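Structure below is model.csv: CSV, C-alpha atoms and all ligand atoms.
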```csv
chain,number,residue,atom,x,y,z
A,1,MET,CA,89.1,103.4,204.4
A,2,GLU,CA,91.6,100.8,203.3
A,3,GLN,CA,91.5,98.5,206.3
A,4,LEU,CA,87.7,98.2,205.9
A,5,LYS,CA,87.9,97.6,202.2
A,6,ASN,CA,90.4,94.8,202.8
A,7,ALA,CA,88.2,93.2,205.4
A,8,ILE,CA,85.3,93.3,203.0
A,9,ILE,CA,87.3,91.7,200.2
A,10,GLU,CA,89.1,89.2,202.4
A,11,ARG,CA,86.5,88.3,205.0
A,12,GLY,CA,83.2,89.3,203.4
A,13,SER,CA,81.1,87.2,201.0
A,14,VAL,CA,78.7,88.2,198.3
A,15,VAL,CA,75.4,86.5,199.0
A,16,SER,CA,73.6,87.9,195.9
A,17,ASP,CA,73.7,90.8,193.6
A,18,GLY,CA,72.2,92.9,196.4
A,19,VAL,CA,73.6,91.5,199.7
A,20,LEU,CA,77.0,91.4,201.2
A,21,LYS,CA,77.6,89.2,204.2
A,22,VAL,CA,80.1,90.6,206.8
A,23,ASP,CA,79.2,88.6,209.9
A,24,THR,CA,82.9,87.6,210.2
A,25,PHE,CA,83.8,91.1,211.5
A,26,LEU,CA,80.7,93.3,211.8
A,27,ASN,CA,77.3,91.6,212.1
A,28,HIS,CA,77.9,88.6,214.2
A,29,GLN,CA,81.6,88.1,215.1
A,30,ILE,CA,83.2,91.5,215.8
A,31,ASP,CA,86.7,92.5,214.9
A,32,THR,CA,87.3,95.0,217.7
A,33,ASN,CA,90.5,96.4,216.3
A,34,LEU,CA,88.8,97.2,213.0
A,35,MET,CA,85.9,98.7,215.0
A,36,ILE,CA,88.3,101.0,216.9
A,37,HIS,CA,89.8,102.2,213.6
A,38,ILE,CA,86.3,102.7,212.1
A,39,GLY,CA,85.2,104.7,215.2
A,40,LYS,CA,88.3,106.9,215.0
A,41,GLU,CA,87.7,107.6,211.3
A,42,PHE,CA,84.1,108.7,212.0
A,43,ALA,CA,85.3,110.9,214.9
A,44,ASN,CA,88.0,112.4,212.6
A,45,ARG,CA,85.5,113.2,209.8
A,46,PHE,CA,83.1,114.9,212.1
A,47,LYS,CA,85.5,116.6,214.5
A,48,GLU,CA,84.6,120.1,213.4
A,49,SER,CA,80.9,119.5,213.7
A,50,LYS,CA,80.5,120.2,217.4
A,51,ILE,CA,78.8,116.8,217.9
A,52,THR,CA,77.2,116.4,221.4
A,53,LYS,CA,75.8,112.9,221.0
A,54,ILE,CA,75.9,109.9,218.7
A,55,LEU,CA,72.7,108.1,217.9
A,56,THR,CA,72.8,104.6,216.4
A,57,ILE,CA,70.4,101.6,216.3
A,58,GLU,CA,70.7,98.2,217.9
A,59,THR,CA,72.3,95.7,217.2
A,60,SER,CA,75.0,96.2,214.6
A,61,GLY,CA,75.3,100.0,214.8
A,62,ILE,CA,76.6,99.9,218.4
A,63,ALA,CA,80.1,98.4,217.8
A,64,PRO,CA,81.3,100.8,215.1
A,65,SER,CA,79.8,103.8,217.1
A,66,PHE,CA,81.6,103.0,220.3
A,67,MET,CA,85.0,104.4,219.6
A,68,ALA,CA,83.6,107.4,217.7
A,69,ALA,CA,81.7,108.4,220.8
A,70,ASN,CA,84.7,107.8,223.0
A,71,ASP,CA,87.0,109.8,220.7
A,72,LEU,CA,84.5,112.7,220.4
A,73,ASP,CA,83.9,112.4,224.2
A,74,VAL,CA,80.1,112.3,223.8
A,75,PRO,CA,77.4,109.8,224.9
A,76,LEU,CA,76.4,107.0,222.6
A,77,VAL,CA,72.7,106.4,222.5
A,78,PHE,CA,71.1,103.5,220.6
A,79,ALA,CA,67.5,103.3,219.4
A,80,ARG,CA,65.7,100.2,220.5
A,81,LYS,CA,63.7,98.1,218.1
A,82,LYS,CA,60.2,96.9,219.0
A,83,LYS,CA,57.8,94.6,217.2
A,84,SER,CA,54.7,96.5,218.3
A,85,LEU,CA,54.7,99.7,220.1
A,86,THR,CA,52.9,100.1,223.4
A,87,MET,CA,51.8,103.6,224.0
A,88,ASN,CA,54.5,105.4,225.9
A,89,ASN,CA,54.8,109.1,226.3
A,90,ASP,CA,58.4,109.0,227.5
A,91,VAL,CA,59.9,108.0,224.1
A,92,PHE,CA,60.4,109.4,220.6
A,93,THR,CA,59.4,106.8,218.0
A,94,SER,CA,59.5,106.2,214.3
A,95,SER,CA,58.5,103.5,211.9
A,96,VAL,CA,61.2,102.0,209.8
A,97,TYR,CA,60.2,99.9,206.8
A,98,SER,CA,62.9,97.4,205.6
A,99,PHE,CA,62.8,96.5,201.9
A,100,THR,CA,65.3,93.8,202.6
A,101,LYS,CA,63.2,92.1,205.3
A,102,GLN,CA,59.8,93.4,204.1
A,103,GLU,CA,58.7,94.3,207.5
A,104,THR,CA,58.1,97.5,209.6
A,105,THR,CA,59.9,97.9,212.9
A,106,GLU,CA,59.1,100.6,215.4
A,107,ILE,CA,62.2,102.2,216.8
A,108,ALA,CA,62.3,104.2,220.0
A,109,VAL,CA,64.6,106.5,222.0
A,110,SER,CA,63.9,107.7,225.5
A,111,LYS,CA,63.2,111.5,225.8
A,112,ASN,CA,65.8,111.6,228.5
A,113,PHE,CA,68.6,111.1,226.1
A,114,LEU,CA,67.9,113.7,223.4
A,115,GLN,CA,67.6,117.4,224.0
A,116,GLU,CA,66.9,120.2,221.6
A,117,ASN,CA,70.4,121.7,221.9
A,118,ASP,CA,72.0,118.4,220.8
A,119,GLN,CA,74.1,118.2,217.6
A,120,VAL,CA,73.6,114.5,216.7
A,121,LEU,CA,75.8,112.3,214.6
A,122,ILE,CA,73.8,109.3,213.3
A,123,ILE,CA,75.8,106.1,212.7
A,124,ASP,CA,74.8,102.8,211.2
A,125,ASP,CA,76.5,99.7,209.8
A,126,PHE,CA,74.8,99.5,206.4
A,127,LEU,CA,73.2,102.1,204.1
A,128,ALA,CA,70.8,100.4,201.6
A,129,ASN,CA,67.5,102.3,201.1
A,130,GLY,CA,68.1,104.7,203.9
A,131,GLN,CA,65.1,103.9,205.9
A,132,ALA,CA,66.9,103.2,209.2
A,133,ALA,CA,68.8,106.5,208.9
A,134,LEU,CA,65.7,108.5,208.0
A,135,GLY,CA,63.9,106.9,211.0
A,136,LEU,CA,66.8,108.0,213.3
A,137,ALA,CA,66.8,111.5,211.8
A,138,ALA,CA,63.0,111.7,212.4
A,139,ILE,CA,63.6,110.9,216.0
A,140,VAL,CA,66.3,113.6,216.3
A,141,GLU,CA,63.9,116.1,214.7
A,142,GLN,CA,61.1,115.2,217.1
A,143,ALA,CA,63.5,116.1,219.9
A,144,GLY,CA,64.0,119.5,218.3
A,145,ALA,CA,67.7,118.5,218.0
A,146,THR,CA,69.9,118.9,214.9
A,147,VAL,CA,71.2,116.1,212.6
A,148,ALA,CA,74.9,117.1,212.2
A,149,GLY,CA,75.6,114.3,209.9
A,150,ILE,CA,75.3,110.6,209.1
A,151,GLY,CA,78.2,108.1,209.3
A,152,ILE,CA,77.9,104.8,207.5
A,153,VAL,CA,80.3,101.8,207.6
A,154,ILE,CA,79.2,100.2,204.3
A,155,GLU,CA,77.2,102.0,201.7
A,156,LYS,CA,75.6,100.1,198.9
A,157,SER,CA,75.8,102.9,196.4
A,158,PHE,CA,73.7,101.0,193.9
A,159,GLN,CA,70.7,101.5,196.2
A,160,ASN,CA,68.9,104.8,196.7
A,161,GLY,CA,69.7,105.5,200.4
A,162,ARG,CA,72.4,108.1,199.9
A,163,SER,CA,70.4,110.2,197.5
A,164,LEU,CA,67.4,110.2,199.8
A,165,LEU,CA,69.6,111.3,202.7
A,166,GLU,CA,71.3,114.0,200.6
A,167,GLU,CA,68.0,115.2,199.3
A,168,ALA,CA,66.8,115.6,202.9
A,169,GLY,CA,69.9,117.9,203.4
A,170,TYR,CA,72.1,115.6,205.4
A,171,ARG,CA,75.8,115.2,205.1
A,172,VAL,CA,76.6,111.5,204.6
A,173,GLU,CA,80.1,110.0,205.2
A,174,SER,CA,80.5,106.4,204.2
A,175,LEU,CA,83.7,104.5,205.0
A,176,ALA,CA,83.3,102.0,202.2
A,177,ARG,CA,81.1,102.7,199.1
A,178,ILE,CA,80.1,99.7,197.0
A,179,GLU,CA,79.3,100.3,193.4
A,180,SER,CA,78.3,96.7,192.6
A,181,LEU,CA,78.1,93.2,194.0
A,182,LYS,CA,77.4,91.7,190.6
A,183,ASN,CA,78.7,88.2,189.7
A,184,GLY,CA,79.9,87.6,193.2
A,185,LYS,CA,82.4,90.4,193.0
A,186,VAL,CA,82.7,93.5,195.2
A,187,THR,CA,83.5,96.7,193.2
A,188,PHE,CA,84.1,99.9,195.2
A,189,LEU,CA,83.2,103.3,193.9
A,190,ALA,CA,86.2,105.3,192.8
A,191,ASP,CA,86.2,108.0,195.4
A,192,LYS,CA,89.3,110.0,196.5
A,193,THR,CA,87.9,110.6,200.0
A,194,VAL,CA,87.4,106.9,200.8
A,201,LIG,P1,67.9,100.7,205.0
A,201,LIG,O1,67.7,100.9,206.4
A,201,LIG,O2,69.1,101.4,204.4
A,201,LIG,O3,66.6,101.0,204.2
A,201,LIG,O4,68.2,99.1,204.8
A,201,LIG,P2,67.3,97.8,204.9
A,201,LIG,O5,66.0,98.1,205.4
A,201,LIG,O6,67.5,97.1,203.6
A,201,LIG,O7,68.1,97.0,206.0
A,201,LIG,C1,67.5,96.1,206.9
A,201,LIG,C2,68.6,95.4,207.7
A,201,LIG,O8,69.5,94.7,206.8
A,201,LIG,C3,69.5,96.3,208.5
A,201,LIG,O9,70.0,95.5,209.6
A,201,LIG,C4,70.7,96.6,207.6
A,201,LIG,O10,71.8,96.9,208.3
A,201,LIG,C5,70.8,95.2,206.9
A,201,LIG,N1,71.4,95.2,205.6
A,201,LIG,C6,71.0,95.9,204.5
A,201,LIG,N2,71.7,95.5,203.4
A,201,LIG,C7,72.6,94.6,203.9
A,201,LIG,C8,73.7,93.9,203.3
A,201,LIG,O11,74.0,93.9,202.1
A,201,LIG,N3,74.4,93.1,204.1
A,201,LIG,C9,74.1,92.9,205.4
A,201,LIG,N4,74.9,92.1,206.1
A,201,LIG,N5,73.1,93.6,206.0
A,201,LIG,C10,72.4,94.5,205.3
A,201,LIG,P3,69.1,95.3,210.9
A,201,LIG,O12,67.8,94.7,210.6
A,201,LIG,O13,69.0,96.7,211.5
A,201,LIG,O14,69.9,94.3,211.8
A,201,LIG,P4,71.1,94.4,212.9
A,201,LIG,O15,72.3,93.8,212.2
A,201,LIG,O16,71.4,95.8,213.2
A,201,LIG,O17,70.6,93.7,214.0
A,202,NA,NA,72.5,95.2,210.1
A,203,NA,NA,71.8,98.4,211.0
```
Using structure tokens, write down the structure from this file.
Amino acid sequence: MEQLKNAIIERGSVVSDGVLKVDTFLNHQIDTNLMIHIGKEFANRFKESKITKILTIETSGIAPSFMAANDLDVPLVFARKKKSLTMNNDVFTSSVYSFTKQETTEIAVSKNFLQENDQVLIIDDFLANGQAALGLAAIVEQAGATVAGIGIVIEKSFQNGRSLLEEAGYRVESLARIESLKNGKVTFLADKTV
């Protein structure tokens, strides 16, 4: 997606060989016009998938998911993060380990908002090691619902997230795929569909 790639180049910064900072438009300050285009692109890529619900995770997944849900005319649900989980029978939960932060977070979604006939599109801002997306997929499966696909704003293709998700059988659509962040430079994967 050209507008997103331009934002990454012009307004992102490479923090290290592994980390891209995009708090100018995605993770802190939000470019709402860009988010609208991102949401519409997700909606377009999954328009044949009979999506009934979008599932994302707070905080940074919400903005790029908003317009996708609006365009597909389905509810947007976000998983909540908790430091420690108090026993609660009313929620589906999953543990997500972050290699970046080296900590485990419990994520939870109320049983009221996922039903077994749901066709769920999972959306997140970054795909690194895939643990957040796998945690969301585990919650969808606990509900007996179906993961119809996974939409990612920025994929770090040099990490193993995409292969883990594809091995698990999920369709992954990433709007920007980064091959490398080496030497302070963003290199995108050559990909005709992006
Ligand atoms: P994974 O889910 O793919 O395994 O990723 P990981 O544990 O490494 O990610 C932990 C957090 O760091 C997530 O945000 C993720 O979006 C973010 N992240 C991963 N790589 C990058 C990167 O290169 N740049 C930026 N800016 N963020 C990255 P989070 O903890 O869920 O925070 P929030 O922003 O949603 O509140
Ligand atoms: Na994030
Ligand atoms: Na995230």
One-decimal distance in Å that lies between atom O6 of ligand LIG 201 (chain A) and CA of Leu4 in chain A: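 Going from CA of Leu4 in chain A over to atom O6 of ligand LIG 201 (chain A) covers 20.4 Å.
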For ligand NA 202 (chain A), which of A:Thr187, A:Asn88, A:Thr100, A:Thr52 is the closest residue, counting all atoms listed in the file?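 Under the stated criterion, the closest residue is A:Thr100.
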Close residues, Ile57 in chain A itself excluded, 7 Å, only C-alpha atoms, min 5 positions apart in chain, as JSON, numbers by chain: {"A": [62, 78, 79, 80, 124]}
Straight-line distance linking CA of Val14 in chain A with CA of Lys182 in chain A, stated in Å to one decimal: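 A separation of 8.6 Å between them.
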Could you build a table of the residues in chain A lying no more than 8 Å from ligand NA 203 (chain A), giving for each the nearest pair of atoms and their separation in Å rounded to one decimal place, using all atoms listed in the file, ordered by chain and ascending residue number, as CSV?
```
residue,atom,partner,partner_atom,distance
A:Ile57,CA,A:NA203,NA,6.3
A:Glu58,CA,A:NA203,NA,7.0
A:Thr59,CA,A:NA203,NA,6.8
A:Ser60,CA,A:NA203,NA,5.3
A:Gly61,CA,A:NA203,NA,5.4
A:Asp124,CA,A:NA203,NA,5.3
A:Asp125,CA,A:NA203,NA,5.0
A:Phe126,CA,A:NA203,NA,5.6
A:Leu127,CA,A:NA203,NA,8.0
A:Ala132,CA,A:NA203,NA,7.1
```
Which is closest to ligand NA 202 (chain A) among A:Leu26, A:Val186, A:Val172, A:Val74, if we use all atoms listed in the file?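 Ranked by minimum distance to ligand NA 202 (chain A), first place goes to A:Leu26.
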Coordinates-based distance that separates CA of Arg45 in chain A from CA of Val109 in chain A (Å, one decimal):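 According to the coordinates, CA of Val109 in chain A and CA of Arg45 in chain A are separated by 25.1 Å.
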Could you tell me, counting all atoms listed in the file, which protein and nucleic acid residues lie no more than 9 Å from ligand LIG 201 (chain A), written as a PyMOL selection string? chain A and resi 14-16+18-23+26-28+57-62+81+96-105+124-135+154-156+159-162
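Shortest separation to ligand NA 202 (chain A) among A:Ile123, A:Val91, A:Ala7, A:Leu164 occurs at residue A:Ile123, atoms counted being all atoms listed in the file.
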Between A:Ala190, A:Ala63, A:Leu114, A:Ala69, which residue has the minimum interatomic distance to ligand NA 202 (chain A), considering only C-alpha atoms and all ligand atoms?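 Using only C-alpha atoms and all ligand atoms, the shortest distance to ligand NA 202 (chain A) belongs to A:Ala63.
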Nearest-residue call for ligand NA 202 (chain A), choices A:Ile139, A:Val153, A:Ile178, A:Glu106, using all atoms listed in the file: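 Of the candidates, the smallest distance to ligand NA 202 (chain A) is held by A:Val153.
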Which polymer residues, whether protein, DNA or RNA, lie within 9 Å of the coordinate (72.3, 107.4, 224.3) when you count only C-alpha atoms? List them as a ChimeraX atom specification, using the chain letters and numbers from the file. /A:53-56,75-79,109-110,112-114
Nearest residue to ligand NA 202 (chain A) out of A:Gln3, A:Ile152, A:Leu34, A:Gly144, using only C-alpha atoms and all ligand atoms? A:Ile152
Using only C-alpha atoms, what residues lie at most 12 Å away from (65.0, 121.3, 220.8) (file coordinates), given as a ChimeraX atom specification? /A:111,114-120,139-147
